[in-house]
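K.L.:
Below are the structure tokens for one structure; questions will follow.
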Amino acid sequence: MNNKGLPKDFLWGGAVAAHQLEGAWQAGGKGISVADVMTVGSPKSHRKITEGVIAGEYYPNHEAIDFYHQYKEDMALFAEMGFKCFRTSIAWTRIFPKGDELTPNEEGLKFYDALFDECLKHNIEPIVTLSHFELPYHLVTQYGGFSNRKLIDFFVRFAEVCFKRYKNKVKYWMTFNEINNQANFNEDFAPFTNSGIFYKAGDNRELIMYQAAHYELVASAKAVQIGHQINPDFQIGCMIAVVPIYPETCKPGDILMAQKAMERRYFFTDVHVHGSYPNYIKKYWQRKGFALDITNDDLNILKKGTVDYIGFSYYMSYAINKKAGNDTYDYNESTDLVRNQYVKASDWGWQIDPEGLRYTLNWLTDMYRLPLFIVENGFGAYDQIKADGTIDDPYRIEYLREHIKQMKLAVEEDGVDLIGYTPWGCIDLVSAGTGEMEKRYGFIYVDKDNKGNGTLARRRKASFAWYRQVILSNGETL
Ligand code: P53
């Protein structure tokens with residue numbers, strides 16, 4: 001174990017998702033995805049989910065930053081920063097435009113051949129998420145998304161095609177991006193983006209969410225098994241959105257409440273890692289009267305398809321208290337989280353907590369003892385171009401520096417087994433949550449605004465040279 005410094009082969013890079021940057025929403029036979037029917041929102045208002053693509057609405061993902069046509073230039077910029085890896089997703093709708101076809105779309109497969117070849121040309125290791133908020137929209141309208149067991153086979157077919165096609169190009173995979181976001185089932189966003197579920201009035205949202213999550217966990221476990229058969233060297237991980245929920249005070253009720261809230265947000269990880277459901281969630285379903293469709297076959301599949309590592313995003317932390325009368329410690333993610341008075345927040349209300357990253361790395365290690373991979377972290381902010389054309393983003397550098405410091409402490413002082421670090425949105429792209437372009441995360445500025453105006457020209461921000469230095473020094477020069 002290293003005493004000082006990060007491992008020599010540490011995977012520094014950046015992360016994106018196909019639907020947030022590729023654009024070209026109808027090129028090469030691509031089908032409509034859930035991201036293609038979401039409009040632009042604002043820091044305070046959610047994106048609208050429309051019934052199909054409606055004339056007159058603005059859909060920011062349709063063009064995004066046109067990475068589909070400009071990926072060679074963008075990859076050259078990533079190489080200039082010294083990226084060792086690049087995390088993206090495969091747009092499901094480029095491979096299976098509707099989702100339920102039996103044969104894949106060759107043109108879509110060719111695009112990712114070319115993209116991964118471009119990575120490898122620069123010695124950049126591609127890290128690939130299979131399902132990142134871009135389910136075929138046809139699977140929503142015809143099947144009800146992942147509330148339908150049939151989706152397991154559709155996903156597994158997609159995964160198998162990708163594993164076989166890219167088995168000599170891609171080693172690191174993840175199955176479902178931020179699968180646990182849907183713990184926030186009272187809002188429409190996460191169930192739709194995670195699972196292609198569009199609730200109707202009167203639906204039991206919570207029950208449907210647990211059922212969809214189960215089908216996804218089974219689909220993931222099947223894919224892991226098949227992937228390992230196709231190439232035993234594959235490293236296949238889960239992907240969890242880690243937002244630690246702290247007790248607001250040291251009142252025993254608040255401590256227990258935080259623990260119960262954490263269980264409800266993170267049991268997904270237990271299933272991915274241990275291959276079975278923890279008792280607390282089974283007891284919870286019993287108390288709620290939820291009878292889920294879980295077969296013995298499913299349980300066997302879960303056991304055999306456990307993940308190799310935990311990929312996770314980390315942006316912020318939250319806090320919670322026990323409300324008077326809540327003696328069952330029920331948790332509603334949409335209403336129960338409270339501000340932490342000890343930390344500041346971004347313009348979008350995301351609470352900035354670098355130590356929370358060290359806490360997260362330790363907590364995941366204590367719970368699961370698996371290698372970890374920070375596949376998203378970053379600071380969404382407004383950037384200004386100065387008169388001379390440069391962009392100073394000291395707030396972004398500051399955010400990343402403080403998080404990297406804590407990440408290093410977790411490795412050097414605590415012995416956490418960490419594979420790599422890929423900050424989110426290494427090039428400006430469409431925000432998942434709000435659809436805005438002006439919630440920027442990039443080291444590379446893209447000239448485009450929230451309404452879709454702009455030349456799409458790329459410019460290096462000040463953070464570009466800073467991050468290059470970080471990678472070059474393997475995290476020693478911060
Ligand atoms: P945006 C919520 C909480 C934590 C991460 O988010 C989240 C979300 C969903 O908004 O999403 C992840 O773009 C996700 C990315 C996303 C990124 O975080 O809303 O994996 O697709 O872009 C940042 O600022």
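Numbering starts fresh at 1 for the residues of each chain in the structure tokens, the chains themselves are lettered A, B, ... in the order given, and ligands are numbered from 1 as they appear.
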Could you give me, as a PyMOL selection string, every polymer residue with an atom at most 9 Å away from an atom of ligand 1, counting only C-alpha atoms and all ligand atoms?
P.N.:
chain A and resi 15-17+19-20+132-133+177-178+181+189-190+193+239-243+312-316+348+350+375-380+424-425+429-436+439-441
K.L.:
For Leu456 of chain A, find every residue with an atom within 10 Å (counting only C-alpha atoms), except residues of its own chain fewer than 5 positions away, and show them as a ChimeraX atom specification.
P.N.:
/A:64-67,70,445-449
K.L.:
With all heavy atoms retained, write the just-selected residues as a PDB file, in the first residue's frame.
P.N.:
```
ATOM      1  N   ALA A  64     -27.454  19.450 -28.529  1.00  0.00           N
ATOM      2  CA  ALA A  64     -26.436  19.477 -27.451  1.00  0.00           C
ATOM      3  C   ALA A  64     -25.204  20.253 -27.916  1.00  0.00           C
ATOM      4  O   ALA A  64     -25.356  21.372 -28.412  1.00  0.00           O
ATOM      5  CB  ALA A  64     -26.105  18.069 -27.004  1.00  0.00           C
ATOM      6  N   ILE A  65     -24.005  19.663 -27.801  1.00  0.00           N
ATOM      7  CA  ILE A  65     -22.825  20.397 -28.279  1.00  0.00           C
ATOM      8  C   ILE A  65     -22.257  19.733 -29.542  1.00  0.00           C
ATOM      9  O   ILE A  65     -21.119  19.953 -29.912  1.00  0.00           O
ATOM     10  CB  ILE A  65     -21.744  20.557 -27.195  1.00  0.00           C
ATOM     11  CG1 ILE A  65     -21.170  19.202 -26.756  1.00  0.00           C
ATOM     12  CG2 ILE A  65     -22.288  21.321 -25.993  1.00  0.00           C
ATOM     13  CD1 ILE A  65     -19.808  19.310 -26.081  1.00  0.00           C
ATOM     14  N   ASP A  66     -23.070  18.914 -30.188  1.00  0.00           N
ATOM     15  CA  ASP A  66     -22.714  18.292 -31.464  1.00  0.00           C
ATOM     16  C   ASP A  66     -21.408  17.494 -31.405  1.00  0.00           C
ATOM     17  O   ASP A  66     -20.653  17.428 -32.374  1.00  0.00           O
ATOM     18  CB  ASP A  66     -22.625  19.364 -32.566  1.00  0.00           C
ATOM     19  CG  ASP A  66     -22.688  18.723 -33.966  1.00  0.00           C
ATOM     20  OD1 ASP A  66     -23.411  17.726 -34.121  1.00  0.00           O
ATOM     21  OD2 ASP A  66     -21.994  19.202 -34.876  1.00  0.00           O
ATOM     22  N   PHE A  67     -21.181  16.862 -30.268  1.00  0.00           N
ATOM     23  CA  PHE A  67     -19.988  16.020 -30.103  1.00  0.00           C
ATOM     24  C   PHE A  67     -19.958  14.906 -31.153  1.00  0.00           C
ATOM     25  O   PHE A  67     -18.890  14.457 -31.565  1.00  0.00           O
ATOM     26  CB  PHE A  67     -20.032  15.433 -28.689  1.00  0.00           C
ATOM     27  CG  PHE A  67     -18.891  14.531 -28.309  1.00  0.00           C
ATOM     28  CD1 PHE A  67     -17.639  15.045 -27.995  1.00  0.00           C
ATOM     29  CD2 PHE A  67     -19.068  13.144 -28.217  1.00  0.00           C
ATOM     30  CE1 PHE A  67     -16.595  14.202 -27.602  1.00  0.00           C
ATOM     31  CE2 PHE A  67     -18.032  12.299 -27.827  1.00  0.00           C
ATOM     32  CZ  PHE A  67     -16.799  12.834 -27.517  1.00  0.00           C
ATOM     33  N   GLN A  70     -18.075  16.425 -33.738  1.00  0.00           N
ATOM     34  CA  GLN A  70     -16.852  17.154 -33.388  1.00  0.00           C
ATOM     35  C   GLN A  70     -15.968  16.396 -32.400  1.00  0.00           C
ATOM     36  O   GLN A  70     -15.083  16.966 -31.778  1.00  0.00           O
ATOM     37  CB  GLN A  70     -17.219  18.527 -32.794  1.00  0.00           C
ATOM     38  CG  GLN A  70     -18.106  19.323 -33.735  1.00  0.00           C
ATOM     39  CD  GLN A  70     -18.279  20.779 -33.314  1.00  0.00           C
ATOM     40  OE1 GLN A  70     -17.371  21.382 -32.764  1.00  0.00           O
ATOM     41  NE2 GLN A  70     -19.446  21.336 -33.583  1.00  0.00           N
ATOM     42  N   TYR A 445     -14.966  25.584 -22.537  1.00  0.00           N
ATOM     43  CA  TYR A 445     -16.191  26.351 -22.701  1.00  0.00           C
ATOM     44  C   TYR A 445     -16.790  26.060 -24.074  1.00  0.00           C
ATOM     45  O   TYR A 445     -16.065  25.973 -25.058  1.00  0.00           O
ATOM     46  CB  TYR A 445     -15.863  27.842 -22.581  1.00  0.00           C
ATOM     47  CG  TYR A 445     -17.061  28.756 -22.622  1.00  0.00           C
ATOM     48  CD1 TYR A 445     -17.723  29.120 -21.452  1.00  0.00           C
ATOM     49  CD2 TYR A 445     -17.518  29.281 -23.827  1.00  0.00           C
ATOM     50  CE1 TYR A 445     -18.817  29.974 -21.489  1.00  0.00           C
ATOM     51  CE2 TYR A 445     -18.613  30.128 -23.876  1.00  0.00           C
ATOM     52  CZ  TYR A 445     -19.258  30.472 -22.697  1.00  0.00           C
ATOM     53  OH  TYR A 445     -20.348  31.316 -22.736  1.00  0.00           O
ATOM     54  N   VAL A 446     -18.109  25.926 -24.124  1.00  0.00           N
ATOM     55  CA  VAL A 446     -18.773  25.757 -25.419  1.00  0.00           C
ATOM     56  C   VAL A 446     -19.741  26.921 -25.603  1.00  0.00           C
ATOM     57  O   VAL A 446     -20.582  27.186 -24.734  1.00  0.00           O
ATOM     58  CB  VAL A 446     -19.534  24.416 -25.499  1.00  0.00           C
ATOM     59  CG1 VAL A 446     -20.278  24.302 -26.832  1.00  0.00           C
ATOM     60  CG2 VAL A 446     -18.570  23.247 -25.336  1.00  0.00           C
ATOM     61  N   ASP A 447     -19.593  27.614 -26.720  1.00  0.00           N
ATOM     62  CA  ASP A 447     -20.401  28.801 -26.980  1.00  0.00           C
ATOM     63  C   ASP A 447     -21.830  28.414 -27.355  1.00  0.00           C
ATOM     64  O   ASP A 447     -22.142  28.163 -28.517  1.00  0.00           O
ATOM     65  CB  ASP A 447     -19.740  29.622 -28.116  1.00  0.00           C
ATOM     66  CG  ASP A 447     -20.581  30.840 -28.470  1.00  0.00           C
ATOM     67  OD1 ASP A 447     -21.320  31.336 -27.589  1.00  0.00           O
ATOM     68  OD2 ASP A 447     -20.511  31.288 -29.629  1.00  0.00           O
ATOM     69  N   LYS A 448     -22.663  28.342 -26.341  1.00  0.00           N
ATOM     70  CA  LYS A 448     -24.083  28.047 -26.562  1.00  0.00           C
ATOM     71  C   LYS A 448     -24.844  28.457 -25.304  1.00  0.00           C
ATOM     72  O   LYS A 448     -24.323  28.277 -24.192  1.00  0.00           O
ATOM     73  CB  LYS A 448     -24.273  26.555 -26.829  1.00  0.00           C
ATOM     74  CG  LYS A 448     -25.682  26.210 -27.274  1.00  0.00           C
ATOM     75  CD  LYS A 448     -25.791  24.792 -27.790  1.00  0.00           C
ATOM     76  CE  LYS A 448     -27.210  24.543 -28.268  1.00  0.00           C
ATOM     77  NZ  LYS A 448     -27.398  23.157 -28.711  1.00  0.00           N
ATOM     78  N   ASP A 449     -26.050  29.017 -25.474  1.00  0.00           N
ATOM     79  CA  ASP A 449     -26.792  29.435 -24.283  1.00  0.00           C
ATOM     80  C   ASP A 449     -28.019  28.544 -24.045  1.00  0.00           C
ATOM     81  O   ASP A 449     -28.229  27.557 -24.746  1.00  0.00           O
ATOM     82  CB  ASP A 449     -27.153  30.929 -24.369  1.00  0.00           C
ATOM     83  CG  ASP A 449     -28.174  31.224 -25.479  1.00  0.00           C
ATOM     84  OD1 ASP A 449     -28.817  30.261 -25.978  1.00  0.00           O
ATOM     85  OD2 ASP A 449     -28.317  32.396 -25.853  1.00  0.00           O
TER      86      ASP A 449
END
```
K.L.:
Residues within 12 Å of Ala201 of chain A, please, as an MDAnalysis selection string. Count only C-alpha atoms; anything in the same chain fewer than 4 positions from it doesn't count.
P.N.:
chainID A and resid 186 188 205
K.L.:
Show which residues sit within 12 Å of segment 134-137 of chain A, as a PyMOL selection string. Count only C-alpha atoms, and ignore same-chain residues fewer than 3 positions away.
P.N.:
chain A and resi 17-20+22+25+30-38+49-53+61+89-101+129-131+140-146+151+154-155+158+176-177+190-198+432
K.L.:
Closest to Gln235 of chain A among A:Pro247, A:Pro371, A:Gly56, A:Pro354, using only C-alpha atoms?
P.N.:
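Of the candidates, the smallest distance to Gln235 of chain A is held by A:Pro371.
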K.L.:
Please return, as number ranges by chain, all residues of segment 151-237 of chain A that DSSP assigns to strand (DSSP E or B) on the basis of the backbone.
P.N.:
A: 172-176, 235-237
K.L.:
I need the residues from that last selection saved to file as a CSV table (one decimal), in the first residue's frame (with C-alpha atoms), if you can.
P.N.:
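File produced: out-v2.csv:
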```csv
chain,number,residue,atom,x,y,z
A,172,TYR,CA,-14.4,-0.7,-17.6
A,173,TRP,CA,-18.2,-0.7,-17.8
A,174,MET,CA,-21.1,0.4,-15.6
A,175,THR,CA,-24.6,-0.8,-16.0
A,176,PHE,CA,-27.2,1.8,-14.8
A,235,GLN,CA,-14.4,-4.7,-14.8
A,236,ILE,CA,-18.1,-4.1,-14.6
A,237,GLY,CA,-19.4,-1.8,-11.9
```
K.L.:
Please report, as an NGL selection string, each residue of segment 42-172 of chain A to which DSSP assigns helix (DSSP H, G or I) when run on this structure's backbone.
P.N.:
:A and (67-81 or 92-95 or 106-121 or 137-143 or 145-147 or 150-165)
K.L.:
Show which residues sit within 10 Å of Tyr210 of chain A, as a count of residues only. Count only C-alpha atoms, and ignore same-chain residues fewer than 6 positions away.
P.N.:
10
K.L.:
Please provide as a ChimeraX atom specification all residues within 8 Å of Asn474 of chain A, with the sequence filter that same-chain residues fewer than 2 positions apart are discarded (counting only C-alpha atoms).
P.N.:
/A:5-6,8,10,470-472,476-477
K.L.:
Would you mind exporting the chosen residues as an mmCIF file, in the first residue's frame, restricted to all heavy atoms?
P.N.:
```cif
data_model
loop_
_atom_site.group_PDB
_atom_site.id
_atom_site.type_symbol
_atom_site.label_atom_id
_atom_site.label_comp_id
_atom_site.auth_asym_id
_atom_site.auth_seq_id
_atom_site.Cartn_x
_atom_site.Cartn_y
_atom_site.Cartn_z
ATOM 1 N N GLY A 5 1.110 9.709 -2.087
ATOM 2 C CA GLY A 5 0.833 9.806 -3.513
ATOM 3 C C GLY A 5 -0.208 8.812 -3.979
ATOM 4 O O GLY A 5 -0.453 7.788 -3.342
ATOM 5 N N LEU A 6 -0.817 9.151 -5.093
ATOM 6 C CA LEU A 6 -1.817 8.267 -5.692
ATOM 7 C C LEU A 6 -1.098 7.189 -6.487
ATOM 8 O O LEU A 6 0.047 7.382 -6.902
ATOM 9 C CB LEU A 6 -2.729 9.089 -6.602
ATOM 10 C CG LEU A 6 -3.608 10.102 -5.856
ATOM 11 C CD1 LEU A 6 -4.225 11.113 -6.827
ATOM 12 C CD2 LEU A 6 -4.712 9.381 -5.074
ATOM 13 N N LYS A 8 0.410 4.964 -9.402
ATOM 14 C CA LYS A 8 0.984 5.450 -10.684
ATOM 15 C C LYS A 8 0.009 5.322 -11.845
ATOM 16 O O LYS A 8 0.020 6.118 -12.770
ATOM 17 C CB LYS A 8 2.250 4.646 -11.007
ATOM 18 C CG LYS A 8 3.461 5.117 -10.244
ATOM 19 C CD LYS A 8 4.760 4.637 -10.913
ATOM 20 C CE LYS A 8 5.980 5.129 -10.146
ATOM 21 N NZ LYS A 8 5.917 4.770 -8.702
ATOM 22 N N PHE A 10 -3.176 5.626 -11.733
ATOM 23 C CA PHE A 10 -4.452 6.256 -11.367
ATOM 24 C C PHE A 10 -5.131 6.845 -12.611
ATOM 25 O O PHE A 10 -4.490 7.530 -13.407
ATOM 26 C CB PHE A 10 -4.206 7.351 -10.332
ATOM 27 C CG PHE A 10 -5.449 7.900 -9.701
ATOM 28 C CD1 PHE A 10 -6.138 7.156 -8.753
ATOM 29 C CD2 PHE A 10 -5.929 9.160 -10.057
ATOM 30 C CE1 PHE A 10 -7.290 7.663 -8.158
ATOM 31 C CE2 PHE A 10 -7.079 9.668 -9.468
ATOM 32 C CZ PHE A 10 -7.759 8.921 -8.519
ATOM 33 N N VAL A 470 -2.514 19.190 -12.727
ATOM 34 C CA VAL A 470 -2.904 18.205 -11.703
ATOM 35 C C VAL A 470 -2.604 16.788 -12.207
ATOM 36 O O VAL A 470 -2.002 15.969 -11.510
ATOM 37 C CB VAL A 470 -4.414 18.330 -11.350
ATOM 38 C CG1 VAL A 470 -4.868 17.182 -10.454
ATOM 39 C CG2 VAL A 470 -4.704 19.672 -10.688
ATOM 40 N N ILE A 471 -2.999 16.525 -13.440
ATOM 41 C CA ILE A 471 -2.800 15.174 -13.994
ATOM 42 C C ILE A 471 -1.304 14.892 -14.168
ATOM 43 O O ILE A 471 -0.810 13.828 -13.773
ATOM 44 C CB ILE A 471 -3.543 15.014 -15.339
ATOM 45 C CG1 ILE A 471 -5.048 15.179 -15.136
ATOM 46 C CG2 ILE A 471 -3.232 13.651 -15.967
ATOM 47 C CD1 ILE A 471 -5.880 15.064 -16.409
ATOM 48 N N LEU A 472 -0.608 15.877 -14.723
ATOM 49 C CA LEU A 472 0.826 15.719 -14.979
ATOM 50 C C LEU A 472 1.583 15.389 -13.689
ATOM 51 O O LEU A 472 2.528 14.604 -13.686
ATOM 52 C CB LEU A 472 1.356 17.037 -15.579
ATOM 53 C CG LEU A 472 2.666 16.984 -16.333
ATOM 54 C CD1 LEU A 472 2.504 16.126 -17.594
ATOM 55 C CD2 LEU A 472 3.087 18.411 -16.746
ATOM 56 N N GLU A 476 -0.168 15.951 -7.301
ATOM 57 C CA GLU A 476 0.710 16.596 -6.306
ATOM 58 C C GLU A 476 0.647 18.122 -6.413
ATOM 59 O O GLU A 476 0.761 18.822 -5.416
ATOM 60 C CB GLU A 476 2.155 16.110 -6.470
ATOM 61 C CG GLU A 476 2.361 14.638 -6.135
ATOM 62 C CD GLU A 476 1.897 14.282 -4.725
ATOM 63 O OE1 GLU A 476 2.338 14.946 -3.757
ATOM 64 O OE2 GLU A 476 1.080 13.347 -4.575
ATOM 65 N N THR A 477 0.482 18.647 -7.631
ATOM 66 C CA THR A 477 0.384 20.109 -7.799
ATOM 67 C C THR A 477 -1.079 20.497 -7.911
ATOM 68 O O THR A 477 -1.722 20.284 -8.933
ATOM 69 C CB THR A 477 1.129 20.545 -9.086
ATOM 70 O OG1 THR A 477 2.440 19.996 -9.041
ATOM 71 C CG2 THR A 477 1.203 22.052 -9.195
#
```
K.L.:
A:Ser42, A:Pro7, A:Asn105, A:Glu63: which is nearest Gly23 of chain A, counting only C-alpha atoms?
P.N.:
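Nearest to Gly23 of chain A: A:Glu63.
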K.L.:
To one decimal place in Å, what is the distance between atom CA of Tyr59 of chain A and atom CA of His46 of chain A?
P.N.:
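It comes out at 13.3 Å.
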K.L.:
Write out as a PyMOL selection string the residues lying within 12 Å of Phe464 of chain A, counting only C-alpha atoms and excluding same-chain residues fewer than 2 positions away.
P.N.:
chain A and resi 14+77-83+390-394+396-397+400+426-427+441-445+458-462+466-471
K.L.:
Take the residues just selected and output them with C-alpha atoms as an mmCIF file, in the first residue's frame.
P.N.:
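Okay, this is what ended up in selection_24.cif:
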```cif
data_model
loop_
_atom_site.group_PDB
_atom_site.id
_atom_site.type_symbol
_atom_site.label_atom_id
_atom_site.label_comp_id
_atom_site.auth_asym_id
_atom_site.auth_seq_id
_atom_site.Cartn_x
_atom_site.Cartn_y
_atom_site.Cartn_z
ATOM 1 C CA GLY A 14 -13.369 13.397 -17.392
ATOM 2 C CA LEU A 77 -8.362 18.738 -26.225
ATOM 3 C CA PHE A 78 -8.832 15.983 -23.632
ATOM 4 C CA ALA A 79 -5.519 14.493 -24.738
ATOM 5 C CA GLU A 80 -3.897 17.912 -24.367
ATOM 6 C CA MET A 81 -5.063 17.943 -20.730
ATOM 7 C CA GLY A 82 -3.399 14.558 -20.346
ATOM 8 C CA PHE A 83 -6.533 12.471 -19.782
ATOM 9 C CA THR A 390 -10.392 34.310 -21.739
ATOM 10 C CA ILE A 391 -12.498 32.653 -19.053
ATOM 11 C CA ASP A 392 -11.442 32.703 -15.416
ATOM 12 C CA ASP A 393 -13.128 30.074 -13.293
ATOM 13 C CA PRO A 394 -11.337 30.143 -9.911
ATOM 14 C CA ARG A 396 -14.359 25.678 -10.217
ATOM 15 C CA ILE A 397 -10.658 25.199 -9.518
ATOM 16 C CA LEU A 400 -12.129 20.560 -7.531
ATOM 17 C CA CYS A 426 -15.173 18.021 -18.640
ATOM 18 C CA ILE A 427 -16.517 19.941 -21.621
ATOM 19 C CA TYR A 441 -18.992 22.170 -15.438
ATOM 20 C CA GLY A 442 -16.332 22.167 -18.163
ATOM 21 C CA PHE A 443 -12.627 22.836 -18.462
ATOM 22 C CA ILE A 444 -13.630 23.643 -22.041
ATOM 23 C CA TYR A 445 -16.191 26.351 -22.701
ATOM 24 C CA ARG A 458 -14.722 25.584 -27.935
ATOM 25 C CA ARG A 459 -12.388 27.619 -25.670
ATOM 26 C CA ARG A 460 -10.045 26.535 -22.895
ATOM 27 C CA LYS A 461 -10.995 27.968 -19.481
ATOM 28 C CA ALA A 462 -8.363 28.777 -16.828
ATOM 29 C CA TRP A 466 -4.822 23.872 -13.953
ATOM 30 C CA TYR A 467 -6.258 20.364 -14.442
ATOM 31 C CA ARG A 468 -3.517 19.530 -16.950
ATOM 32 C CA GLN A 469 -0.981 20.277 -14.230
ATOM 33 C CA VAL A 470 -2.904 18.205 -11.703
ATOM 34 C CA ILE A 471 -2.800 15.174 -13.994
#
```
K.L.:
May I ask which of the residues A:Arg339, A:His62, A:Lys48, A:His403 is the closest one to Asp353 of chain A, counting only C-alpha atoms?
P.N.:
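Among A:Arg339, A:His62, A:Lys48, A:His403, it is A:His403 that comes nearest to Asp353 of chain A.
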K.L.:
Using only C-alpha atoms, find the one residue out of A:Ile374, A:Met437, A:Ala381, A:Ile127 that sits nearest to Val416 of chain A.
P.N.:
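Once distances to Val416 of chain A are computed over only C-alpha atoms, the minimum belongs to A:Ile374.
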K.L.:
When you count only C-alpha atoms, which of these residues is closest to Thr295 of chain A: A:Cys250, A:Ser220, A:Gln211, A:Ile320?
P.N.:
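Counting only C-alpha atoms, the residue closest to Thr295 of chain A is A:Gln211.
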